[in-house]
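Please read the structure below before turning to the comments.
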Amino acid sequence: MSSPAVAASSTSRSIVWFRKALRVHDNPALLAGIKGNAVSASQPVFVLDPWFCKPSRVGSNRMRFLLESLRDLDASLRSVGSSLLVLHGEPRVVLPRACKSWDVNLVTWEHDIEPYAKVRDLAVRGALERAGVECTSVSGHTLYDVDEVLKKCKGPPPTTYQGFLKIVGSMCEPAVATGAPEKMPKPFTGTFEETRALVSGVADGYGIPTLEDLGYEALGDEEGFPARGGETEGLIRLRKQLARTEWIAGFEKPNTNPTTRFHALKQSKPKPKSPFEIAAGGGKGENPRTDANTLITPSTTALSPYLKFGCVSPRTFYHELKAVLAALDGKHSKPPTSLMGQLMWREFYYVVGAGTANFDKMEGNPICRQIPWIKDKELYAAWENSQTGYPWIDAAMTQLRQEGWLHHLARHAVACFLTRGDLFIHWEWGRDTFDRELVDADWAINNGNWMWLSCSAFFYQYFRVYGPHSFAKKYDKDGDYVKHYLPVLKNMPSKYIYEPWTAPLDVQRKAGCVVGVDYPAPVVDHASASKACVDKIAAAYDAHKLANGTAKPSQNKSTPSDDAQPSKKRKL
């Protein structure tokens with residue numbers, strides 16, 4: 001993906017443009033920027049793009065995780081003789097200006113499949129090449145080069161997991177992860193007055209801003225997502241999870257518990273160590289928020305934010321997990337539900353997302369069923385703001401807003417409720433909420449999962465519904481999860497915790513929570529709303545069959561099936 005028309009000079013001054021690969025270990029773009037071109041000086045940069053840096057698009061939990069990851073990256077770079085500079089502005093403007101100011105003739109970055117990123121990168125490449133700057137874009141965010149997988153498809157990408165595994169099974173195994181560089185070329189020096197106007201505006205010039213600098217409200221150490229961002233933290237968590245060999249052997253994603261939460265457990269901790277000692281399995285000291293040495297994860301690995309931001313290399317995860325599985329001698333769970341299976345689900349969505357036109361829309365999307373979703377702003381607001389009157393749904397949405405996190409089965413439940421289960425609201429609206437609030441929001445995975453959960457693509461058993469008042473009972477009969485996130489219901493007897501409207505009025509008064517006064521009544525009747533949703537989707541499916549010349553009698557079930565066991569081919 002280098003610029004064929006631009007020849008590198010005998011001595012290069014390079015910029016390594018960090019975007020998602022916020023790490024020094026196994027970073028192909030970083031290595032491309034410091035090796036092979038007689039690099040005399042190299043400057044790592046991150047550009048705070050105003051398109052992203054606003055609360056209406058990226059929630060405070062994800063932004064804080066990003067800023068923490070940048071601080072950790074800067075510390076890692078400083079330990080090998082470099083540092084991170086943070087620029088502020090549109091990349092197509094600030095990068096060419098920085099290259100001119102700093103006399104740069106090589107810029108490297110990691111390939112990105114997202115629509116906005118593709119347009120952005122094309123504009124940056126064009127501007128740089130016109131200025132005589134060589135550009136190199138390399139794959140590193142996925143196990144396989146997505147473009148190479150798409151070439152193997154020889155047509156549209158497969159829309160089934162097994163079809164995808166067949167394609168990648170014919171390819172070479174993912175390359176072994178590389179280590180962190182032991183020493184970086186010297187960074188640029190000087191004041192760069194022409195470029196100083198492009199920085200974030202914090203006191204130390206090119207430094208990493210705070211949430212407040214970017215127009216966000218500050219989050220306290222005890223608020224928000226309870227894990228700290230960054231490569232250092234991510235590698236500790238990865239190694240701690242991989243040390244749980246019995247848990248890994250039996251891991252099956254659908255069998256995890258959606259009502260478990262992050263909990264702190266004090267343990268003795270080793271002294272702080274460098275990122276390179278951590279990469280070899282070490283640890284670090286306590287930080288103001290719960291760190292990897294004190295955190296009990298919520299029934300899953302909780303590593304998705306570290307993969308999303310590239311704090312942990314997928315190849316590092318893959319090969320270290322593979323070594324653990326090899327030692328288990330075949331006595332472990334298998335894909336698609338196993339831990340290795342989850343890594344492959346991520347690859348699947350990246351390939352389908354990259355190879356499908358309008359993947360993030362219903363209209364013009366060749367794999368998405370055209371369903372006449374409604375756009376009811378009042379019902380949508382009730383769902384988004386925990387006012388549906390269904391405690392399980394409202395508690396989950398509260399956790400999402402407060403922490404930027406949800407267990408995957410909780411994501412299933414709230415997505416089903418919004419779309420095909422109860423409210424029949426467009427999946428794109430729910431996708432937008434998740435995209436803003438989730439710390440681990442990922443374009444390909446988020447869109448793919450919303451199409452799956454709304455039965456718009458990939459999964460078509462629309463009559464299997466997550467009951468908003470019955471599903472969570474299987475995991476938490478006393479409703480402790482609900483009582484934590486909805487304290488208004490903390491005194492409600494467990495018998496009524498998932499259906500408080502069924503409690504006698506005197507019980508509601510004694511609990512200090514009268515439905516319709518202190519907590520909303522249900523916005524819809526689940527039984528009738530769910531049946532109406534099933535009927536509408538059945539009609540849409542029949543219309544799809546008719547349009548494609550495959551019309552057959554409808555398989556519609558008149559009564560939705562609440563809380564059917566989640567498909568073992570699912571992941572969110």
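Labels for the structure tokens follow display order: chains A, B, ..., residues from 1 in each chain, ligands from 1.
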
Produce a table with one row for each residue of segment 108-208 of chain A that has an atom at most 12 Å from any atom of segment 426-448 of chain A, each row naming the nearest atom pair and its distance in Å at one decimal; use only C-alpha atoms; arrange rows by chain and rising residue number; format as a Markdown table.
```
| residue | atom | partner | partner_atom | distance |
| --- | --- | --- | --- | --- |
| A:Asp112 | CA | A:Trp443 | CA | 10.6 |
| A:Ile113 | CA | A:Ala444 | CA | 8.6 |
| A:Glu114 | CA | A:Trp443 | CA | 6.7 |
| A:Pro115 | CA | A:Trp443 | CA | 9.1 |
| A:Tyr116 | CA | A:Trp443 | CA | 10.2 |
| A:Ala117 | CA | A:Trp443 | CA | 10.8 |
| A:His141 | CA | A:Asp442 | CA | 11.7 |
| A:Thr142 | CA | A:Ala444 | CA | 11.9 |
| A:Thr159 | CA | A:Gly448 | CA | 10.3 |
| A:Thr160 | CA | A:Gly448 | CA | 11.7 |
```

Write the residues of the selection above to a file with C-alpha atoms, as a CSV table (one decimal), in the first residue's frame.
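part23.csv written:
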```
chain,number,residue,atom,x,y,z
A,112,ASP,CA,-8.6,1.2,8.1
A,113,ILE,CA,-11.8,-0.2,6.4
A,114,GLU,CA,-14.4,2.2,7.8
A,115,PRO,CA,-16.1,4.5,5.3
A,116,TYR,CA,-15.1,7.7,6.9
A,117,ALA,CA,-11.5,6.5,7.3
A,141,HIS,CA,-5.8,-4.2,13.0
A,142,THR,CA,-6.9,-7.7,12.1
A,159,THR,CA,-22.4,-14.0,5.0
A,160,THR,CA,-22.0,-17.1,7.2
```

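With only C-alpha atoms as the atoms that count, the residue of A:Ala382, A:Leu67, A:Ala32, A:Val351 with the shortest distance to Cys135 of chain A is A:Ala32.
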
Between A:Trp17, A:Tyr390, A:Phe458, A:Tyr161, smallest distance to Asp121 of chain A by only C-alpha atoms belongs to A:Trp17

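Counting only C-alpha atoms and comparing A:Val16, A:Val133, A:Leu423, A:Met184, the residue that lies closest to Trp373 of chain A is A:Leu423.
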